[in-house]
file target-v4.txt (compact mmCIF, C-alpha atoms)
# COMPACT_ATOMS: atom_id res chain seq x y z
CA MET Q 190 7.26 6.92 17.88
CA GLY Q 191 9.92 5.62 15.53
CA PHE Q 192 8.98 2.61 13.43
CA PHE Q 193 11.77 0.17 12.64
CA THR Q 194 11.61 -3.38 11.43
CA ASP Q 195 13.53 -6.47 10.41
CA SER Q 196 15.13 -6.33 6.99
CA GLY Q 197 15.36 -10.06 6.43
CA SER Q 198 13.86 -11.91 3.51
CA SER Q 199 10.63 -12.61 5.38
CA LYS Q 200 10.10 -8.88 5.85
CA HIS Q 201 10.97 -8.06 2.27
CA SER Q 202 8.17 -10.34 1.10
CA GLU Q 203 5.74 -8.27 3.17
CA ILE Q 204 6.46 -5.07 1.25
CA SER Q 205 4.53 -4.72 -2.00
CA SER Q 206 6.83 -2.67 -4.17
CA ARG Q 207 8.75 -2.30 -7.34
CA SER Q 208 12.43 -3.18 -7.82
CA SER Q 209 14.83 -2.24 -4.99
CA SER Q 210 17.21 0.71 -4.98
CA PRO Q 211 21.02 0.52 -4.71
CA SER Q 212 23.06 0.04 -1.56
CA ASN Q 213 25.58 2.20 0.28
CA ASP Q 214 27.90 2.94 -2.66
CA ASN Q 215 25.19 4.95 -4.35
CA SER Q 216 23.99 6.97 -1.36
CA ASN Q 217 24.45 10.33 -3.06
CA LEU Q 218 22.21 9.41 -5.98
CA GLU Q 219 19.74 7.76 -3.63
CA ASN Q 220 19.60 10.81 -1.40
CA ARG Q 221 18.98 13.12 -4.35
CA ASN Q 222 16.09 10.97 -5.50
CA ILE Q 223 14.70 10.58 -1.97
CA MET Q 224 14.86 14.32 -1.36
CA TYR Q 225 13.04 14.89 -4.63
CA MET Q 226 10.37 12.45 -3.45
CA LEU Q 227 10.15 14.23 -0.11
CA LYS Q 228 9.71 17.60 -1.80
CA ASN Q 229 6.82 16.30 -3.86
CA CYS Q 230 5.35 14.46 -0.90
CA LEU Q 231 5.13 17.77 0.94
CA ILE Q 232 3.59 19.45 -2.10
CA LEU Q 233 0.91 16.78 -2.24
CA SER Q 234 0.27 16.98 1.49
CA LYS Q 235 -0.33 20.73 1.16
CA ASP Q 236 -2.81 20.02 -1.62
CA GLY Q 237 -4.59 17.85 0.93
CA ASN Q 238 -5.82 21.05 2.61
CA LYS Q 239 -8.23 21.39 -0.31
CA LYS Q 240 -9.87 18.04 0.49
CA SER Q 241 -13.21 19.48 1.63
CA ILE Q 242 -13.42 21.62 -1.50
CA CYS Q 243 -12.43 18.75 -3.81
CA ASP Q 244 -15.02 16.41 -2.25
CA GLU Q 245 -17.84 18.96 -2.38
CA GLY Q 246 -20.71 17.53 -4.42
CA VAL Q 247 -18.89 14.25 -5.05
CA LYS Q 248 -20.82 11.10 -4.17
CA PHE Q 249 -20.43 7.35 -4.34
CA ASN Q 250 -22.10 5.38 -7.11
CA GLY Q 251 -23.03 1.74 -6.77
CA LEU Q 252 -20.96 -0.66 -8.88
CA GLU Q 253 -22.31 -3.72 -10.68
CA ASN Q 254 -21.21 -7.16 -9.55
CA ASN Q 255 -22.03 -9.53 -12.39
CA LEU Q 256 -18.56 -11.06 -12.63
CA ASN Q 257 -17.71 -12.00 -9.02
CA ASN Q 258 -15.90 -8.67 -8.94
CA CYS Q 259 -16.55 -7.43 -5.41
CA TYR Q 260 -12.74 -7.62 -4.96
CA SER Q 261 -12.25 -4.91 -7.60
CA ASN Q 262 -15.29 -2.84 -6.60
CA VAL Q 263 -13.89 -2.22 -3.12
CA VAL Q 264 -10.50 -1.20 -4.50
CA ILE Q 265 -12.14 1.20 -6.97
CA GLN Q 266 -14.23 2.79 -4.19
CA SER Q 267 -11.32 3.16 -1.75
CA LEU Q 268 -9.11 4.90 -4.30
CA TYR Q 269 -12.07 7.00 -5.51
CA SER Q 270 -12.62 8.33 -1.98
CA TYR Q 271 -9.13 9.87 -1.96
CA HIS Q 272 -9.60 13.17 -3.78
CA GLU Q 273 -5.99 13.58 -4.95
CA PHE Q 274 -6.01 10.19 -6.68
CA ARG Q 275 -9.54 10.63 -8.08
CA ASN Q 276 -8.90 14.08 -9.53
CA ARG Q 277 -5.52 13.15 -11.02
CA MET Q 278 -6.93 9.94 -12.48
CA ILE Q 279 -9.88 11.65 -14.18
CA LYS Q 280 -7.37 13.69 -16.18
CA MET Q 281 -6.06 10.41 -17.64
CA LYS Q 282 -9.28 9.60 -19.53
CA LYS Q 283 -7.80 10.63 -22.88
CA SER Q 284 -4.60 8.60 -22.47
CA GLY Q 285 -6.18 5.87 -24.61
CA GLY Q 286 -6.32 2.08 -24.39
CA SER Q 287 -4.87 1.70 -20.91
CA ILE Q 288 -5.94 0.61 -17.44
CA SER Q 289 -5.53 4.24 -16.39
CA SER Q 290 -7.84 5.57 -19.10
CA GLU Q 291 -10.51 2.93 -18.33
CA LEU Q 292 -10.46 3.83 -14.66
CA ALA Q 293 -10.53 7.53 -15.56
CA LYS Q 294 -13.65 6.99 -17.69
CA LEU Q 295 -15.32 5.13 -14.82
CA TYR Q 296 -14.48 7.86 -12.30
CA THR Q 297 -15.75 10.54 -14.70
CA LYS Q 298 -19.11 8.75 -14.85
CA CYS Q 299 -19.20 8.38 -11.08
CA VAL Q 300 -18.60 12.11 -10.58
CA SER Q 301 -21.12 13.26 -13.20
CA GLN Q 302 -23.88 10.64 -12.88
CA SER Q 303 -25.97 9.02 -10.16
CA ASP Q 304 -26.50 5.60 -11.65
CA ILE Q 305 -25.12 2.18 -10.83
CA GLN Q 306 -21.97 1.89 -12.92
CA SER Q 307 -20.53 -1.07 -14.82
CA THR Q 308 -16.84 -1.80 -14.32
CA LYS Q 309 -16.66 -4.37 -17.11
CA GLY Q 310 -14.53 -2.24 -19.45
CA PHE Q 311 -12.01 -1.58 -16.72
CA LEU Q 312 -11.89 -5.24 -15.65
CA LYS Q 313 -11.52 -6.50 -19.20
CA LYS Q 314 -8.54 -4.22 -19.68
CA VAL Q 315 -6.91 -5.38 -16.45
CA CYS Q 316 -7.50 -9.06 -17.23
CA SER Q 317 -6.07 -8.61 -20.73
CA THR Q 318 -2.75 -7.54 -19.22
CA LYS Q 319 -2.37 -10.29 -16.60
CA ASP Q 320 -3.02 -13.98 -17.24
CA ASP Q 321 -3.66 -14.69 -13.54
CA PHE Q 322 -6.73 -12.45 -13.58
CA ILE Q 323 -9.64 -14.17 -15.33
CA LEU Q 324 -12.87 -12.28 -15.93
CA GLY Q 325 -15.53 -13.88 -13.72
CA ASP Q 326 -13.13 -15.32 -11.13
CA GLN Q 327 -12.85 -13.99 -7.59
CA GLN Q 328 -9.43 -12.52 -6.78
CA ASP Q 329 -7.47 -11.29 -3.78
CA ALA Q 330 -8.24 -7.57 -3.37
CA HIS Q 331 -4.73 -6.82 -2.11
CA GLU Q 332 -3.09 -8.54 -5.08
CA PHE Q 333 -5.44 -6.71 -7.43
CA LEU Q 334 -4.73 -3.35 -5.77
CA THR Q 335 -0.94 -3.66 -5.95
CA TYR Q 336 -1.08 -4.90 -9.53
CA ILE Q 337 -3.17 -2.05 -10.92
CA LEU Q 338 -1.13 0.59 -9.06
CA ASN Q 339 2.11 -0.79 -10.49
CA ALA Q 340 0.59 -1.17 -13.95
CA MET Q 341 -0.72 2.41 -13.95
CA ILE Q 342 2.64 3.73 -12.77
CA ASP Q 343 4.21 2.11 -15.84
CA GLU Q 344 1.51 3.52 -18.12
CA ILE Q 345 1.78 7.04 -16.72
CA ARG Q 346 5.56 6.91 -16.91
CA ASN Q 347 5.32 6.22 -20.62
CA ILE Q 348 3.29 9.36 -21.30
CA GLU Q 349 4.89 11.83 -18.88
CA ASP Q 350 7.99 13.86 -19.56
CA GLU Q 351 7.96 16.43 -16.76
CA TYR Q 352 9.52 14.51 -13.88
CA VAL Q 353 13.04 13.45 -12.94
CA LYS Q 354 14.95 12.00 -15.88
CA PRO Q 355 16.26 8.45 -15.47
CA LYS Q 356 19.80 8.21 -14.15
CA THR Q 357 22.31 5.35 -14.06
CA PHE Q 358 24.44 4.17 -11.21
CA MET Q 359 26.88 1.40 -10.34
CA SER Q 360 25.38 -1.47 -8.40
CA SER Q 361 27.72 -2.57 -5.61
CA LYS Q 362 26.45 -6.14 -5.82
CA SER Q 363 26.51 -6.78 -9.55
CA GLY Q 364 29.08 -4.21 -10.62
CA GLY Q 365 26.81 -3.28 -13.50
CA LYS Q 366 24.75 -0.21 -14.33
CA ARG Q 367 21.05 0.07 -13.69
CA LYS Q 368 18.59 2.86 -14.47
CA LEU Q 369 16.71 4.82 -11.87
CA GLU Q 370 13.16 4.81 -13.18
CA LYS Q 371 11.39 8.08 -13.87
CA ARG Q 372 8.99 8.97 -11.07
CA THR Q 373 5.38 9.86 -11.80
CA TRP Q 374 2.71 11.64 -9.81
CA LEU Q 375 1.35 8.22 -8.84
CA ASN Q 376 4.72 7.16 -7.42
CA GLU Q 377 4.76 10.34 -5.36
CA LEU Q 378 1.25 9.69 -4.11
CA VAL Q 379 1.42 6.03 -3.04
CA GLU Q 380 5.08 5.06 -2.85
CA GLY Q 381 7.25 5.39 0.23
CA CYS Q 382 10.86 4.40 0.88
CA VAL Q 383 12.37 2.10 3.49
CA LYS Q 384 16.00 1.51 4.24
CA SER Q 385 16.98 -1.89 5.60
CA GLU Q 386 19.98 -1.74 7.92
CA THR Q 387 22.18 -4.40 9.50
CA ARG Q 388 24.47 -3.28 12.32
CA CYS Q 389 27.47 -5.43 13.29
CA HIS Q 390 27.79 -5.77 17.08
CA GLU Q 391 31.59 -6.02 16.92
CA CYS Q 392 32.66 -3.13 14.66
CA ASP Q 393 29.38 -1.20 14.84
CA SER Q 394 29.35 -0.70 11.06
CA VAL Q 395 25.98 -0.43 9.33
CA THR Q 396 25.18 -1.78 5.86
CA GLY Q 397 21.92 -1.74 3.99
CA MET Q 398 19.91 -0.78 0.96
CA THR Q 399 16.94 1.41 0.12
CA GLU Q 400 13.81 0.16 -1.59
CA PRO Q 401 10.35 1.55 -2.33
CA PHE Q 402 7.02 0.21 -1.08
CA ILE Q 403 3.43 0.69 -2.15
CA THR Q 404 1.71 -1.26 0.62
CA LEU Q 405 2.95 -2.55 3.97
CA SER Q 406 1.78 -5.97 5.16
CA LEU Q 407 1.34 -6.26 8.92
CA ASN Q 408 1.01 -9.33 11.13
CA ILE Q 409 -2.07 -9.31 13.34
CA PHE Q 410 -2.72 -10.95 16.69
CA ASP Q 411 -5.42 -11.10 19.34
CA ASN Q 412 -6.53 -7.80 20.89
CA CYS Q 413 -4.25 -5.61 18.79
CA ASP Q 414 -4.53 -2.17 17.24
CA ILE Q 415 -2.82 -0.70 14.19
CA ASN Q 416 -0.24 1.20 16.22
CA LEU Q 417 0.77 -2.00 18.00
CA CYS Q 418 0.88 -3.89 14.70
CA LEU Q 419 3.26 -1.25 13.35
CA GLN Q 420 5.42 -1.49 16.45
CA ARG Q 421 5.61 -5.27 16.13
CA TYR Q 422 6.44 -4.89 12.46
CA CYS Q 423 9.25 -2.56 13.46
CA ASP Q 424 10.82 -4.77 16.10
CA ASP Q 425 14.58 -5.28 15.73
CA GLU Q 426 15.80 -8.79 14.99
CA LEU Q 427 18.91 -10.21 16.63
CA LEU Q 428 21.12 -12.28 14.31
CA SER Q 429 23.10 -14.73 16.41
CA GLY Q 430 24.08 -18.38 16.58
CA LYS Q 431 23.39 -20.11 13.27
CA ASN Q 432 21.89 -16.88 11.95
CA GLN Q 433 24.96 -14.70 12.44
CA PHE Q 434 25.68 -12.01 9.89
CA PHE Q 435 28.86 -12.10 7.79
CA CYS Q 436 30.49 -8.69 8.28
CA GLU Q 437 32.79 -7.74 5.40
CA LYS Q 438 34.63 -5.24 7.58
CA CYS Q 439 35.39 -7.83 10.27
CA ASP Q 440 35.75 -10.55 7.63
CA LYS Q 441 33.87 -13.05 9.77
CA TYR Q 442 30.42 -14.01 11.06
CA CYS Q 443 29.25 -11.75 13.87
CA ASP Q 444 26.19 -11.10 15.99
CA ALA Q 445 24.18 -8.27 14.43
CA SER Q 446 20.86 -6.42 14.54
CA LYS Q 447 18.55 -5.91 11.58
CA ARG Q 448 15.91 -3.23 11.18
CA ILE Q 449 14.09 -1.11 8.63
CA VAL Q 450 14.06 2.68 8.83
CA PHE Q 451 11.37 4.66 7.03
CA ASP Q 452 13.14 7.18 4.80
CA LEU Q 453 9.98 8.52 3.18
CA MET Q 454 6.30 8.08 3.91
CA PRO Q 455 3.78 8.61 1.10
CA PRO Q 456 0.75 10.92 1.28
CA LEU Q 457 -1.42 7.81 0.82
CA LEU Q 458 -0.40 5.01 3.21
CA ILE Q 459 -1.91 1.59 2.49
CA LEU Q 460 -1.72 -1.09 5.19
CA HIS Q 461 -2.48 -4.72 4.37
CA LEU Q 462 -3.40 -6.93 7.33
CA LYS Q 463 -2.11 -10.48 7.06
CA ARG Q 464 -5.45 -12.03 7.95
CA PHE Q 465 -4.78 -15.28 6.09
CA LYS Q 466 -2.03 -17.80 6.78
CA TYR Q 467 -1.05 -20.29 4.11
CA THR Q 468 -0.65 -23.63 5.84
CA THR Q 469 -0.49 -27.36 5.09
CA LYS Q 470 -3.81 -29.15 5.40
CA PRO Q 471 -3.91 -31.55 8.38
CA GLY Q 472 -3.16 -35.12 7.28
CA SER Q 473 -1.63 -34.03 3.99
CA SER Q 474 1.90 -32.94 3.12
CA LEU Q 475 0.88 -31.78 -0.35
CA CYS Q 476 -2.40 -29.89 0.03
CA SER Q 477 -1.97 -26.32 1.34
CA VAL Q 478 -4.91 -24.16 2.38
CA TYR Q 479 -5.56 -20.70 3.76
CA GLU Q 480 -6.23 -20.39 7.46
CA ARG Q 481 -8.20 -17.30 8.41
CA LEU Q 482 -6.98 -15.46 11.51
CA PRO Q 483 -10.13 -14.36 13.38
CA TYR Q 484 -8.48 -11.58 15.39
CA SER Q 485 -10.27 -8.29 15.91
CA VAL Q 486 -8.04 -5.36 15.04
CA VAL Q 487 -8.71 -1.87 16.38
CA CYS Q 488 -8.41 0.34 13.30
CA SER Q 489 -7.04 3.53 14.82
CA ASN Q 490 -8.51 6.73 13.37
CA VAL Q 491 -5.14 8.49 13.67
CA ILE Q 492 -1.59 7.12 13.59
CA GLN Q 493 1.82 8.80 13.73
CA VAL Q 494 4.92 7.58 11.91
CA ASN Q 495 8.47 8.87 12.27
CA CYS Q 496 10.24 9.36 8.96
CA LYS Q 497 14.03 9.66 8.79
CA ARG Q 498 13.95 12.43 6.20
CA HIS Q 499 11.09 14.39 7.72
CA PRO Q 500 11.70 16.61 10.79
CA CYS Q 501 8.39 15.81 12.52
CA PRO Q 502 6.25 12.68 12.89
CA ILE Q 503 3.81 12.31 10.01
CA VAL Q 504 0.20 12.14 11.19
CA TYR Q 505 -2.23 10.03 9.17
CA GLU Q 506 -6.00 9.72 9.37
CA LEU Q 507 -8.06 6.70 8.37
CA PHE Q 508 -10.45 7.29 5.46
CA SER Q 509 -11.21 3.86 3.99
CA ILE Q 510 -11.31 0.19 4.93
CA ILE Q 511 -11.71 -2.92 2.82
CA SER Q 512 -13.25 -5.75 4.84
CA HIS Q 513 -13.44 -9.40 3.86
CA ILE Q 514 -15.90 -12.11 4.88
CA GLY Q 515 -14.85 -15.64 3.94
CA THR Q 516 -12.25 -18.37 4.33
CA SER Q 517 -9.61 -17.16 1.85
CA PRO Q 518 -8.71 -13.88 0.10
CA ASP Q 519 -9.93 -15.20 -3.28
CA TYR Q 520 -13.18 -16.58 -1.87
CA GLY Q 521 -16.00 -14.91 0.03
CA HIS Q 522 -17.18 -11.31 -0.13
CA TYR Q 523 -15.55 -7.88 0.10
CA ILE Q 524 -17.18 -4.67 1.30
CA ASN Q 525 -15.88 -1.12 1.55
CA ILE Q 526 -16.31 1.49 4.28
CA SER Q 527 -15.15 4.96 3.20
CA GLU Q 528 -15.36 8.61 4.19
CA LEU Q 529 -16.33 11.16 1.56
CA GLY Q 530 -17.23 14.80 2.12
CA GLY Q 531 -17.27 14.40 5.89
CA SER Q 532 -19.65 11.41 5.94
CA TRP Q 533 -18.98 7.69 6.07
CA PHE Q 534 -20.54 5.22 3.65
CA ARG Q 535 -20.86 1.46 3.36
CA CYS Q 536 -20.22 0.50 -0.26
CA ASP Q 537 -21.38 -3.04 -0.99
CA ASP Q 538 -21.33 -3.41 -4.78
CA ALA Q 539 -24.51 -1.70 -6.06
CA SER Q 540 -25.63 -0.73 -2.55
CA ILE Q 541 -24.45 2.55 -1.03
CA LEU Q 542 -25.52 3.23 2.57
CA LYS Q 543 -24.72 6.39 4.52
CA LEU Q 544 -23.68 5.49 8.07
CA ASP Q 545 -24.96 7.45 11.04
CA ASP Q 546 -22.59 5.56 13.35
CA TYR Q 547 -19.53 4.36 11.47
CA HIS Q 548 -17.46 3.41 14.52
CA SER Q 549 -18.72 -0.16 14.78
CA GLU Q 550 -18.34 -0.65 11.03
CA ILE Q 551 -14.66 0.28 10.94
CA GLY Q 552 -13.84 -0.99 14.43
CA ASP Q 553 -12.05 2.09 15.75
CA GLU Q 554 -10.83 2.98 19.26
CA THR Q 555 -14.38 3.29 20.60
CA THR Q 556 -15.06 -0.39 19.84
CA SER Q 557 -13.50 -3.80 20.43
CA GLY Q 558 -12.16 -3.83 16.88
CA ASN Q 559 -12.98 -5.32 13.50
CA ASP Q 560 -12.46 -9.03 12.77
CA ALA Q 561 -13.01 -8.54 9.01
CA SER Q 562 -10.64 -5.63 8.24
CA TYR Q 563 -8.20 -6.49 5.46
CA ILE Q 564 -6.79 -3.33 3.85
CA LEU Q 565 -6.64 0.10 5.52
CA PHE Q 566 -6.16 3.42 3.72
CA TYR Q 567 -4.64 6.39 5.55
CA ARG Q 568 -4.01 9.91 4.24
CA ILE Q 569 -1.87 12.67 5.67
CA LYS Q 570 -4.03 14.51 8.18
CA GLU Q 571 -4.91 18.14 7.46
call {"tool": "encode", "arguments": {"input": "target-v4.txt", "output": "structure tokens"}}
result
Amino acid sequence: MGFFTDSGSSKHSEISSRSSSPSNDNSNLENRNIMYMLKNCLILSKDGNKKSICDEGVKFNGLENNLNNCYSNVVIQSLYSYHEFRNRMIKMKKSGGSISSELAKLYTKCVSQSDIQSTKGFLKKVCSTKDDFILGDQQDAHEFLTYILNAMIDEIRNIEDEYVKPKTFMSSKSGGKRKLEKRTWLNELVEGCVKSETRCHECDSVTGMTEPFITLSLNIFDNCDINLCLQRYCDDELLSGKNQFFCEKCDKYCDASKRIVFDLMPPLLILHLKRFKYTTKPGSSLCSVYERLPYSVVCSNVIQVNCKRHPCPIVYELFSIISHIGTSPDYGHYINISELGGSWFRCDDASILKLDDYHSEIGDETTSGNDASYILFYRIKE
């Protein structure tokens, strides 16, 4: 099925990404960069055929939780269970004094040892680069995940010289020049591309812009599954009445439709479920609180996504879930359910439990769903 979605500001806030790409005037440069991304995406997906070999002998290690750091432990375990990320990251251990090198050192210990590992060095490095992260405080796992991925992309970019050189282009909005950032192996692994489009109903012209994403945030509702969440996310939005679109070609406000088209899907697709709603506390106009949405979501083992620049639907398989128990994303407890070497494991800080029946833990199609699922990790299926 084709996945399209609204390109309004509310949707843009649901895409965890870096800065947006240019609009129509720069389509040639955009297309060159997108095609380069697609080429490398396919290379990485072919490497995925070596998954069973890469995971042979690799096991999970328990992780200490002495600093209210279950939020980071689950992120570390989910990324560790994806062999392409784990193997590439281990090679970064000599990069020196960076978040990447600290995570590489931790993964090296996990691969070579069988002890419970401390993540303090890694956490101290992360907290030293972001004031909002305080050692010892609980954090939102999704915010932590997107921050470290973006931070490591910047670090890797600074030490790599083998990828596409930065280019400049004219921005149609500002009239100024802006650099296309150099892409790294981590961009190619986790970053996809969406193109937001607005179609005028009178002249049928289409305008839009392309931007990258690292995670996609999906609304959830009662009795839903991931495929349905993606479909809802991709629903077109009609702009009419007070919300009409100003068409430059028609030189007036017109009815229009807005959607997002997936130009490129990454080998590692990360889906964030919007399980918490920020709302005003009853009886107070000043105090806002999180409201937890208790819906069970069926976490489909396999999903298919149509990609504009790929001839066939891309098939993904679920390999990791981060679940949350508590009233807000920065309060409560996180656990991780991940597949490694053909078996599923429950990673709960220092405790690692092999699951004989993982279906109820992840809440797949054979169950009524999972009311604690928060972040889902999918990889391109072999």
call {"tool": "closest_residue", "arguments": {"input": "target-v4.txt", "among": "Q:Ser307, Q:Ser549, Q:Gln433, Q:Gln420", "to": "Ser261 of chain Q", "atoms": "all atoms listed in the file"}}
result
Q:Ser307
call {"tool": "closest_residue", "arguments": {"input": "target-v4.txt", "among": "Q:Pro500, Q:Thr396, Q:Ser485, Q:Val383", "to": "Phe451 of chain Q", "atoms": "only C-alpha atoms"}}
result
Q:Val383
call {"tool": "closest_residue", "arguments": {"input": "target-v4.txt", "among": "Q:Asp304, Q:Glu386, Q:Cys259, Q:Ile342", "to": "Gly325 of chain Q", "atoms": "all atoms listed in the file"}}
result
Q:Cys259
call {"tool": "residues_around", "arguments": {"input": "target-v4.txt", "residues": "Leu334 of chain Q", "least_positions_apart": "4", "cutoff": "8 Å", "atoms": "only C-alpha atoms", "output": "ChimeraX atom specification"}}
result
/Q:261,264,330,338
call {"tool": "closest_residue", "arguments": {"input": "target-v4.txt", "among": "Q:Tyr520, Q:Tyr269, Q:Tyr567, Q:Phe434", "to": "Tyr505 of chain Q", "atoms": "all atoms listed in the file"}}
result
Q:Tyr567
call {"tool": "atom_distance", "arguments": {"input": "target-v4.txt", "atom1": "atom CA of Gly397 of chain Q", "atom2": "atom CA of Pro455 of chain Q"}}
result
21.1 Å
call {"tool": "atom_distance", "arguments": {"input": "target-v4.txt", "atom1": "atom CA of Gly515 of chain Q", "atom2": "atom CA of Val487 of chain Q"}}
result
19.5 Å
call {"tool": "atom_distance", "arguments": {"input": "target-v4.txt", "atom1": "atom CA of Arg421 of chain Q", "atom2": "atom CA of Leu407 of chain Q"}}
result
8.4 Å
call {"tool": "residues_around", "arguments": {"input": "target-v4.txt", "residues": "Asp393 of chain Q", "least_positions_apart": "2", "cutoff": "12 Å", "atoms": "all atoms listed in the file", "output": "NGL selection string"}}
result
:Q and (386-391 or 395-396 or 436-439 or 443-446)
call {"tool": "closest_residue", "arguments": {"input": "target-v4.txt", "among": "Q:Asp546, Q:Arg535, Q:Phe566, Q:Val247", "to": "Leu460 of chain Q", "atoms": "only C-alpha atoms"}}
result
Q:Phe566
call {"tool": "closest_residue", "arguments": {"input": "target-v4.txt", "among": "Q:Ser301, Q:Val315, Q:Glu245, Q:Gln328", "to": "Ala340 of chain Q", "atoms": "all atoms listed in the file"}}
result
Q:Val315
